[in-house]
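Chemist: The structure file coords03.cif (mmCIF, C-alpha atoms) is provided below.
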data_query
#
loop_
_atom_site.group_PDB
_atom_site.id
_atom_site.type_symbol
_atom_site.label_atom_id
_atom_site.label_comp_id
_atom_site.auth_asym_id
_atom_site.auth_seq_id
_atom_site.Cartn_x
_atom_site.Cartn_y
_atom_site.Cartn_z
ATOM 1 C CA MET A 528 7.790 -101.550 77.483
ATOM 2 C CA LYS A 529 5.429 -99.234 79.357
ATOM 3 C CA PRO A 530 3.228 -96.950 77.227
ATOM 4 C CA PRO A 531 4.737 -93.631 78.500
ATOM 5 C CA LEU A 532 8.231 -94.830 77.749
ATOM 6 C CA PHE A 533 7.177 -96.048 74.268
ATOM 7 C CA PHE A 534 5.449 -92.774 73.607
ATOM 8 C CA SER A 535 8.511 -90.789 74.683
ATOM 9 C CA CYS A 536 10.761 -92.871 72.432
ATOM 10 C CA LEU A 537 8.401 -92.394 69.491
ATOM 11 C CA VAL A 538 8.346 -88.619 69.998
ATOM 12 C CA LEU A 539 12.143 -88.490 70.198
ATOM 13 C CA CYS A 540 12.509 -90.529 66.989
ATOM 14 C CA LEU A 541 10.058 -88.377 65.081
ATOM 15 C CA THR A 542 11.769 -85.194 66.317
ATOM 16 C CA SER A 543 15.145 -86.501 65.268
ATOM 17 C CA LEU A 544 13.936 -87.505 61.788
ATOM 18 C CA SER A 545 12.161 -84.226 61.169
ATOM 19 C CA CYS A 546 15.182 -82.218 62.316
ATOM 20 C CA GLU A 547 17.353 -84.159 59.854
ATOM 21 C CA ARG A 548 14.964 -83.425 56.989
ATOM 22 C CA HIS A 549 14.895 -79.755 57.987
ATOM 23 C CA GLU A 550 18.668 -79.515 57.960
ATOM 24 C CA GLU A 551 18.905 -81.270 54.599
ATOM 25 C CA LEU A 552 16.511 -78.776 53.058
ATOM 26 C CA GLN A 553 18.434 -75.858 54.533
ATOM 27 C CA ARG A 554 21.708 -77.206 53.155
ATOM 28 C CA GLU A 555 20.130 -77.574 49.732
ATOM 29 C CA ILE A 556 18.833 -73.991 49.902
ATOM 30 C CA ALA A 557 22.259 -72.682 50.963
ATOM 31 C CA SER A 558 23.934 -74.537 48.111
ATOM 32 C CA LEU A 559 21.413 -73.196 45.594
ATOM 33 C CA GLU A 560 21.884 -69.659 46.922
ATOM 34 C CA THR A 561 25.654 -69.966 46.411
ATOM 35 C CA THR A 562 25.166 -71.219 42.843
ATOM 36 C CA LEU A 563 22.674 -68.455 42.148
ATOM 37 C CA LYS A 564 25.102 -65.804 43.433
ATOM 38 C CA LYS A 565 27.931 -67.267 41.344
ATOM 39 C CA ASP A 566 25.791 -67.276 38.194
ATOM 40 C CA GLU A 567 24.601 -63.721 38.852
ATOM 41 C CA ALA A 568 28.187 -62.582 39.410
ATOM 42 C CA ALA A 569 29.247 -64.327 36.194
ATOM 43 C CA THR A 570 26.412 -62.652 34.279
ATOM 44 C CA GLN A 571 27.464 -59.240 35.644
ATOM 45 C CA GLN A 572 31.098 -59.915 34.696
ATOM 46 C CA TYR A 573 30.099 -60.977 31.178
ATOM 47 C CA ASP A 574 27.925 -57.844 30.872
ATOM 48 C CA LYS A 575 30.934 -55.715 31.834
ATOM 49 C CA ASP A 576 33.214 -57.568 29.408
ATOM 50 C CA ILE A 577 30.654 -57.280 26.609
ATOM 51 C CA ALA A 578 30.330 -53.534 27.301
ATOM 52 C CA ALA A 579 34.133 -53.206 27.229
ATOM 53 C CA LEU A 580 34.188 -54.871 23.792
ATOM 54 C CA GLY A 581 31.647 -52.408 22.434
ATOM 55 C CA GLY A 582 28.344 -53.915 23.533
ATOM 56 C CA LYS A 583 26.081 -56.369 21.786
ATOM 57 C CA GLU A 584 25.807 -54.058 18.750
ATOM 58 C CA GLY A 585 29.624 -54.177 18.569
ATOM 59 C CA LEU A 586 29.590 -57.667 17.087
ATOM 60 C CA THR A 587 28.157 -56.509 13.752
ATOM 61 C CA ARG A 588 30.589 -53.581 13.690
ATOM 62 C CA LEU A 589 33.554 -55.851 14.503
ATOM 63 C CA LEU A 590 32.580 -58.337 11.801
ATOM 64 C CA GLU A 591 32.247 -55.517 9.251
ATOM 65 C CA GLN A 592 35.638 -54.064 10.247
ATOM 66 C CA ALA A 593 37.258 -57.512 10.014
ATOM 67 C CA GLN A 594 35.819 -57.968 6.521
ATOM 68 C CA ILE A 595 37.089 -54.538 5.415
ATOM 69 C CA LYS A 596 40.561 -55.281 6.833
ATOM 70 C CA ALA A 597 40.674 -58.676 5.142
ATOM 71 C CA ASP A 598 39.726 -57.053 1.824
ATOM 72 C CA GLN A 599 42.496 -54.464 2.248
ATOM 73 C CA LEU A 600 45.038 -57.064 3.291
ATOM 74 C CA ARG A 601 44.527 -59.528 0.428
ATOM 75 C CA PRO A 602 45.923 -57.384 -2.450
ATOM 76 C CA LEU A 603 48.844 -56.195 -0.303
ATOM 77 C CA GLU A 604 49.853 -59.743 0.560
ATOM 78 C CA PHE A 605 49.267 -60.770 -3.041
ATOM 79 C CA VAL A 606 51.758 -58.161 -4.312
ATOM 80 C CA ASN A 607 54.427 -58.335 -1.569
ATOM 81 C CA SER A 608 55.588 -61.914 -2.168
ATOM 82 C CA PRO A 609 56.173 -61.737 -5.971
ATOM 83 C CA ARG A 610 57.720 -58.310 -5.494
ATOM 84 C CA GLU A 611 60.168 -59.683 -2.957
ATOM 85 C CA ARG A 612 61.022 -62.592 -5.275
ATOM 86 C CA LYS A 613 61.568 -60.193 -8.185
ATOM 87 C CA LEU A 614 63.860 -57.898 -6.178
ATOM 88 C CA SER A 615 65.850 -60.830 -4.787
ATOM 89 C CA ALA A 616 66.349 -62.252 -8.275
ATOM 90 C CA ILE A 617 67.492 -58.863 -9.627
ATOM 91 C CA GLU A 618 69.735 -58.352 -6.616
ATOM 92 C CA THR A 619 71.421 -61.709 -7.237
ATOM 93 C CA LYS A 620 71.941 -60.953 -10.940
ATOM 94 C CA PHE A 621 73.324 -57.517 -10.097
ATOM 95 C CA ALA A 622 75.702 -58.986 -7.503
ATOM 96 C CA ILE A 623 77.136 -61.189 -10.268
ATOM 97 C CA LEU A 624 77.399 -58.327 -12.806
ATOM 98 C CA LYS A 625 78.780 -55.702 -10.455
ATOM 99 C CA PRO A 626 82.408 -57.005 -10.121
ATOM 100 C CA THR A 627 82.661 -57.473 -13.922
ATOM 101 C CA ALA A 628 81.399 -53.930 -14.512
ATOM 102 C CA GLU A 629 83.719 -52.512 -11.852
ATOM 103 C CA ALA A 630 86.668 -54.340 -13.416
ATOM 104 C CA PHE A 631 85.750 -53.048 -16.902
ATOM 105 C CA LYS A 632 85.451 -49.484 -15.610
ATOM 106 C CA ALA A 633 88.785 -49.735 -13.842
ATOM 107 C CA ALA A 634 90.476 -51.053 -16.982
ATOM 108 C CA GLN A 635 89.131 -48.346 -19.328
ATOM 109 C CA PRO A 636 91.750 -46.078 -20.934
ATOM 110 C CA LYS A 637 92.142 -42.737 -19.185
ATOM 111 C CA MET B 846 -17.959 -90.192 87.646
ATOM 112 C CA PHE B 847 -15.009 -88.373 86.060
ATOM 113 C CA GLU B 848 -11.996 -88.544 88.306
ATOM 114 C CA PHE B 849 -9.293 -86.019 87.755
ATOM 115 C CA ARG B 850 -5.944 -87.709 87.473
ATOM 116 C CA PHE B 851 -2.836 -85.618 87.096
ATOM 117 C CA SER B 852 -1.065 -88.180 84.930
ATOM 118 C CA SER B 853 -3.939 -88.282 82.423
ATOM 119 C CA PHE B 854 -3.919 -84.480 82.163
ATOM 120 C CA LEU B 855 -0.181 -84.529 81.635
ATOM 121 C CA LYS B 856 -0.491 -87.159 78.894
ATOM 122 C CA ALA B 857 -3.201 -85.158 77.137
ATOM 123 C CA LEU B 858 -1.103 -82.004 77.397
ATOM 124 C CA LEU B 859 1.932 -83.810 76.045
ATOM 125 C CA LEU B 860 -0.083 -85.222 73.165
ATOM 126 C CA LEU B 861 -1.467 -81.765 72.358
ATOM 127 C CA ALA B 862 2.008 -80.266 72.469
ATOM 128 C CA CYS B 863 3.244 -82.983 70.144
ATOM 129 C CA ILE B 864 0.397 -82.372 67.694
ATOM 130 C CA ILE B 865 0.963 -78.578 67.707
ATOM 131 C CA GLY B 866 4.737 -79.027 67.418
ATOM 132 C CA GLY B 867 4.291 -81.528 64.599
ATOM 133 C CA CYS B 868 1.923 -79.228 62.701
ATOM 134 C CA ASP B 869 4.298 -76.286 63.138
ATOM 135 C CA HIS B 870 7.177 -78.392 61.967
ATOM 136 C CA LEU B 871 5.271 -79.587 58.899
ATOM 137 C CA ALA B 872 4.313 -75.992 58.092
ATOM 138 C CA LYS B 873 7.984 -74.972 58.305
ATOM 139 C CA LEU B 874 8.961 -77.886 56.081
ATOM 140 C CA ASP B 875 6.363 -76.837 53.515
ATOM 141 C CA LYS B 876 7.669 -73.275 53.617
ATOM 142 C CA LEU B 877 11.216 -74.508 53.086
ATOM 143 C CA LYS B 878 10.092 -76.677 50.175
ATOM 144 C CA VAL B 879 8.371 -73.712 48.526
ATOM 145 C CA GLU B 880 11.477 -71.590 49.083
ATOM 146 C CA LEU B 881 13.635 -74.354 47.568
ATOM 147 C CA ALA B 882 11.399 -74.635 44.513
ATOM 148 C CA GLU B 883 11.551 -70.859 43.963
ATOM 149 C CA LEU B 884 15.325 -70.863 44.383
ATOM 150 C CA LYS B 885 15.675 -73.729 41.914
ATOM 151 C CA SER B 886 13.669 -71.811 39.364
ATOM 152 C CA GLN B 887 15.737 -68.648 39.970
ATOM 153 C CA ALA B 888 18.988 -70.628 39.772
ATOM 154 C CA ASP B 889 17.943 -72.220 36.485
ATOM 155 C CA THR B 890 17.090 -68.793 35.032
ATOM 156 C CA ALA B 891 20.381 -67.350 36.309
ATOM 157 C CA ARG B 892 22.331 -70.221 34.768
ATOM 158 C CA GLU B 893 20.565 -69.824 31.425
ATOM 159 C CA THR B 894 21.248 -66.071 31.481
ATOM 160 C CA ALA B 895 24.910 -66.657 32.355
ATOM 161 C CA ASP B 896 25.235 -69.231 29.546
ATOM 162 C CA LEU B 897 23.617 -66.826 27.097
ATOM 163 C CA ARG B 898 25.959 -63.994 28.131
ATOM 164 C CA ARG B 899 28.974 -66.285 27.879
ATOM 165 C CA GLN B 900 27.907 -67.262 24.364
ATOM 166 C CA GLU B 901 27.477 -63.597 23.370
ATOM 167 C CA TRP B 902 30.816 -62.678 24.939
ATOM 168 C CA THR B 903 32.555 -65.581 23.152
ATOM 169 C CA GLU B 904 31.170 -64.459 19.785
ATOM 170 C CA ILE B 905 32.227 -60.833 20.339
ATOM 171 C CA LYS B 906 35.644 -61.872 21.685
ATOM 172 C CA THR B 907 36.237 -64.165 18.699
ATOM 173 C CA ALA B 908 35.371 -61.331 16.292
ATOM 174 C CA LYS B 909 37.608 -58.928 18.237
ATOM 175 C CA ASP B 910 40.513 -61.412 18.245
ATOM 176 C CA LYS B 911 40.085 -61.931 14.507
ATOM 177 C CA LEU B 912 40.141 -58.176 13.921
ATOM 178 C CA ASP B 913 43.230 -57.803 16.137
ATOM 179 C CA GLN B 914 45.000 -60.559 14.202
ATOM 180 C CA LEU B 915 44.095 -58.908 10.898
ATOM 181 C CA GLU B 916 45.354 -55.544 12.161
ATOM 182 C CA ALA B 917 48.623 -57.133 13.292
ATOM 183 C CA ARG B 918 49.007 -58.803 9.885
ATOM 184 C CA MET B 919 48.197 -55.523 8.161
ATOM 185 C CA THR B 920 50.892 -53.728 10.179
ATOM 186 C CA GLU B 921 53.393 -56.444 9.286
ATOM 187 C CA VAL B 922 52.455 -56.410 5.594
ATOM 188 C CA ILE B 923 52.751 -52.593 5.465
ATOM 189 C CA ARG B 924 56.143 -52.827 7.204
ATOM 190 C CA GLN B 925 57.266 -55.383 4.602
ATOM 191 C CA ARG B 926 55.952 -53.167 1.791
ATOM 192 C CA ASP B 927 57.911 -50.180 3.153
ATOM 193 C CA LEU B 928 61.056 -52.304 3.401
ATOM 194 C CA LEU B 929 60.550 -53.467 -0.182
ATOM 195 C CA ASP B 930 60.026 -49.838 -1.295
ATOM 196 C CA THR B 931 63.336 -48.847 0.294
ATOM 197 C CA LYS B 932 65.127 -51.877 -1.152
ATOM 198 C CA GLU B 933 63.692 -51.200 -4.612
ATOM 199 C CA ARG B 934 64.704 -47.518 -4.554
ATOM 200 C CA LYS B 935 68.243 -48.401 -3.440
ATOM 201 C CA LEU B 936 68.638 -51.205 -5.980
ATOM 202 C CA THR B 937 67.196 -49.126 -8.835
ATOM 203 C CA SER B 938 69.553 -46.277 -8.092
ATOM 204 C CA GLU B 939 72.586 -48.620 -7.814
ATOM 205 C CA ILE B 940 71.788 -50.479 -11.048
ATOM 206 C CA LYS B 941 71.018 -47.267 -12.933
ATOM 207 C CA TYR B 942 74.234 -45.655 -11.745
ATOM 208 C CA MET B 943 76.209 -48.777 -12.679
ATOM 209 C CA ALA B 944 74.544 -49.006 -16.126
ATOM 210 C CA ASP B 945 75.176 -45.308 -16.874
ATOM 211 C CA SER B 946 78.784 -45.361 -15.744
ATOM 212 C CA MET B 947 79.360 -48.651 -17.588
ATOM 213 C CA LYS B 948 77.906 -47.086 -20.769
ATOM 214 C CA VAL B 949 80.340 -44.185 -20.459
ATOM 215 C CA ALA B 950 83.228 -46.603 -19.867
ATOM 216 C CA VAL B 951 82.242 -48.799 -22.851
ATOM 217 C CA ASP B 952 81.856 -45.783 -25.169
ATOM 218 C CA ASN B 953 85.162 -44.435 -23.952
ATOM 219 C CA THR B 954 86.949 -47.773 -24.489
ATOM 220 C CA ARG B 955 85.460 -48.208 -27.972
ATOM 221 C CA THR B 956 86.276 -44.600 -28.999
ATOM 222 C CA PHE B 957 89.806 -44.995 -27.723
ATOM 223 C CA ALA B 958 90.203 -48.185 -29.795
ATOM 224 C CA ILE B 959 89.310 -46.503 -33.109
ATOM 225 C CA GLY B 960 92.435 -46.279 -35.260
ATOM 226 C CA THR B 961 94.263 -49.062 -33.462
ATOM 227 C CA VAL B 962 96.248 -51.148 -35.930
ATOM 228 C CA ILE B 963 96.743 -54.867 -35.393
ATOM 229 C CA PRO B 964 99.583 -56.257 -37.543
ATOM 230 C CA GLU B 965 98.074 -59.730 -37.710
ATOM 231 C CA LEU B 966 94.562 -60.440 -36.542
ATOM 232 C CA ARG B 967 93.908 -64.162 -36.273
ATOM 233 C CA LEU B 968 90.243 -65.002 -36.671
ATOM 234 C CA PRO B 969 88.324 -68.168 -35.759
ATOM 235 C CA GLY B 970 87.443 -70.229 -38.859
ATOM 236 C CA ARG B 971 88.895 -67.918 -41.502
ATOM 237 C CA SER B 972 92.146 -66.422 -42.687
ATOM 238 C CA ALA B 973 93.946 -63.762 -40.631
ATOM 239 C CA LEU B 974 93.696 -60.031 -41.435
ATOM 240 C CA HIS B 975 96.944 -58.131 -41.945
ATOM 241 C CA ASN B 976 97.437 -54.565 -40.725
ATOM 242 C CA ALA B 977 93.835 -54.467 -39.564
ATOM 243 C CA LYS B 978 92.818 -51.007 -38.432
ATOM 244 C CA ILE B 979 89.710 -50.667 -36.300
ATOM 245 C CA PHE B 980 87.435 -47.988 -37.746
ATOM 246 C CA LYS B 981 84.053 -48.755 -36.182
ATOM 247 C CA ILE B 982 82.771 -50.638 -33.137
ATOM 248 C CA ASN B 983 79.074 -51.325 -32.621
ATOM 249 C CA ASP B 984 77.359 -53.303 -29.886
ATOM 250 C CA ASP B 985 77.578 -56.531 -31.884
ATOM 251 C CA SER B 986 80.240 -55.936 -34.559
ATOM 252 C CA VAL B 987 83.707 -54.521 -35.241
ATOM 253 C CA SER B 988 84.761 -53.137 -38.657
ATOM 254 C CA PHE B 989 88.362 -53.238 -39.835
ATOM 255 C CA LEU B 990 90.280 -51.762 -42.739
ATOM 256 C CA HIS B 991 93.016 -54.156 -43.738
ATOM 257 C CA GLU B 992 95.414 -54.885 -46.613
ATOM 258 C CA ASP B 993 92.759 -56.778 -48.600
ATOM 259 C CA GLY B 994 89.857 -54.381 -47.987
ATOM 260 C CA VAL B 995 87.161 -53.998 -45.324
ATOM 261 C CA ALA B 996 85.970 -56.630 -42.849
ATOM 262 C CA ASN B 997 82.844 -56.347 -40.747
ATOM 263 C CA LEU B 998 83.062 -59.031 -38.102
ATOM 264 C CA ASN B 999 79.913 -59.988 -36.218
ATOM 265 C CA VAL B 1000 79.582 -61.405 -32.716
ATOM 266 C CA LYS B 1001 76.528 -63.483 -33.615
ATOM 267 C CA ALA B 1002 78.408 -65.195 -36.449
ATOM 268 C CA GLU B 1003 81.225 -65.926 -33.977
ATOM 269 C CA GLU B 1004 83.703 -64.116 -36.245
ATOM 270 C CA ILE B 1005 85.287 -61.983 -33.541
ATOM 271 C CA PRO B 1006 87.992 -63.337 -31.222
ATOM 272 C CA THR B 1007 86.861 -63.740 -27.597
ATOM 273 C CA GLU B 1008 89.318 -61.172 -26.257
ATOM 274 C CA PHE B 1009 87.673 -58.475 -28.459
ATOM 275 C CA ILE B 1010 84.232 -59.395 -27.140
ATOM 276 C CA LYS B 1011 85.461 -59.031 -23.587
ATOM 277 C CA LYS B 1012 87.598 -55.947 -24.201
ATOM 278 C CA TYR B 1013 84.917 -53.929 -25.986
ATOM 279 C CA ASP B 1014 81.927 -55.486 -24.163
ATOM 280 C CA LEU B 1015 80.248 -56.762 -27.331
ATOM 281 C CA GLY B 1016 77.234 -58.950 -28.036
ATOM 282 C CA THR B 1017 73.839 -59.599 -26.498
ATOM 283 C CA ASP B 1018 75.496 -61.141 -23.450
ATOM 284 C CA SER B 1019 77.617 -58.056 -22.733
ATOM 285 C CA THR B 1020 77.723 -56.535 -19.276
ATOM 286 C CA ILE B 1021 76.172 -53.258 -20.448
ATOM 287 C CA SER B 1022 73.242 -54.988 -22.160
ATOM 288 C CA ARG B 1023 72.641 -57.174 -19.101
ATOM 289 C CA LEU B 1024 72.719 -54.095 -16.855
ATOM 290 C CA GLN B 1025 70.271 -52.309 -19.180
ATOM 291 C CA HIS B 1026 68.076 -55.402 -19.092
ATOM 292 C CA LEU B 1027 68.094 -55.237 -15.266
ATOM 293 C CA VAL B 1028 67.063 -51.553 -15.431
ATOM 294 C CA SER B 1029 64.089 -52.471 -17.620
ATOM 295 C CA GLU B 1030 63.244 -55.420 -15.320
ATOM 296 C CA MET B 1031 63.154 -53.047 -12.343
ATOM 297 C CA ARG B 1032 60.524 -50.960 -14.126
ATOM 298 C CA LYS B 1033 58.246 -53.959 -14.713
ATOM 299 C CA SER B 1034 55.450 -54.850 -12.304
ATOM 300 C CA PRO B 1035 56.270 -57.915 -10.158
ATOM 301 C CA LEU B 1036 53.123 -59.593 -11.506
ATOM 302 C CA GLU B 1037 54.246 -59.232 -15.145
ATOM 303 C CA LYS B 1038 55.797 -62.296 -16.734
#
For the structure just supplied, provide its representation as structure tokens.
Modeler:
Amino acid sequence: MKPPLFFSCLVLCLTSLSCERHEELQREIASLETTLKKDEAATQQYDKDIAALGGKEGLTRLLEQAQIKADQLRPLEFVNSPRERKLSAIETKFAILKPTAEAFKAAQPK
Amino acid sequence: MFEFRFSSFLKALLLLACIIGGCDHLAKLDKLKVELAELKSQADTARETADLRRQEWTEIKTAKDKLDQLEARMTEVIRQRDLLDTKERKLTSEIKYMADSMKVAVDNTRTFAIGTVIPELRLPGRSALHNAKIFKINDDSVSFLHEDGVANLNVKAEEIPTEFIKKYDLGTDSTISRLQHLVSEMRKSPLEK
């Protein structure tokens, strides 16, 4: 191979390799930019959502409110169930007594 | 003596161009590498920030969901309590009305029976009473005047015939006493034994 031809081939090879490296870097940068934009958009969305839920200070307030509600709820739930059982039991007893009482009343002397 | 040859000049020029081009290319590559490093750092920061915000949002959302669930339960419990209030008022009024009217009916029946004469009253476990006249009826006893004197027959001692117990609603198991017991049960707290 003649020196000029060898030289030309060498230059072409180097150019091709360097162009490939250049493109690879650019692709990597583009991909990173996309990820960065996505993460920034996600952060903005979370900021909006957090603001809609009352902000970062809202967490303490929400936890306090939940505790207050739970404290209010406990005695109500505690009373409702036995009360329902009591009324059902009385209702059943009354349903048995009622026809007897009605019959007695109907049979009383006028 | 130096002899100018066009081909040598061209080779030198080409070599120079290659060197300049190569240097420029390397400089661009370096610039891109720096840009990439900066972007990587920015992307890492952005990811950390996004993760942090997501964590904060999750905590707040969890607390909000818990509060919403508690509020929904509270609404349901209050609705149940109101229903129980209504049911209790209705039942109390029905039982009270029934107990009062039953009391009137029992008193009326017992009053009406005073003076009734039974020619022969057969009693469980003892001799019959002749010409037994009812002169008093209590909740658990009936008193008779008969040919041989006075007889006070008690429900507890099982001295009264069953038909009398039923007819005059006598004893601890009478309808009126059970209704009155229900009235007193209604007044008790559901947590009382």
Chemist: Up to 8 Å from chain A, what residues of chain B turn up? Count only C-alpha atoms and give them as a VMD selection string.
Modeler: chain B and resid 863 870 874 877 to 878 880 to 881 884 to 885 887 to 888 891 to 892 894 to 895 898 to 899 901 to 902 904 to 906 908 to 909 911 to 912 915 to 916 918 to 919 922 to 923 925 to 926 929 932 to 933 936 940 943 946 to 947 950 to 951 953 to 954 957 1020 to 1021 1023 to 1024 1027 1030 to 1031 1034 to 1036
Chemist: For the atom pair CA of Asp952 (chain B) and CA of Asp1014 (chain B), what is the interatomic distance in Å to one decimal place?
Modeler: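 A separation of 9.8 Å between them.
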Chemist: Quick one, how far is CA of Asp875 (chain B) from CA of Leu539 (chain A)?
Modeler: 21.2 Å
Chemist: Give me, please, the distance in Å between CA of Ser558 (chain A) and CA of Lys876 (chain B), quoted to one decimal.
Modeler: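 Between CA of Ser558 (chain A) and CA of Lys876 (chain B) the gap is 17.2 Å.
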Chemist: I need the residue set behind the PyMOL selection byres ((chain B and resi 963) around 12) for this file; please write it as a list in words.
Modeler: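 With the PyMOL selection byres ((chain B and resi 963) around 12) on this model, the match is Ala958, Ile959, Gly960, Thr961, Val962, Pro964, Glu965, Leu966, Arg967, Ala973, Leu974, His975, Asn976, Ala977, Lys978, Ile979, Phe980, Phe989, Leu990, His991, Glu992 and Phe1009 of chain B.
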Chemist: Pick from B:Lys1011, B:Val949, B:Lys935, B:Ala1002: nearest to Leu968 (chain B), with only C-alpha atoms counted?
Modeler: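 Checking each of B:Lys1011, B:Val949, B:Lys935, B:Ala1002 against Leu968 (chain B), counting only C-alpha atoms, the winner is B:Ala1002.
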Chemist: Taking (84.1, -55.5, -32.0) in the file's coordinates as the center, which residues reach within 7 Å of it, counting all atoms listed in the file, put as a ChimeraX atom specification?
Modeler: /B:982-983,985-987,1005,1009-1010,1013,1015
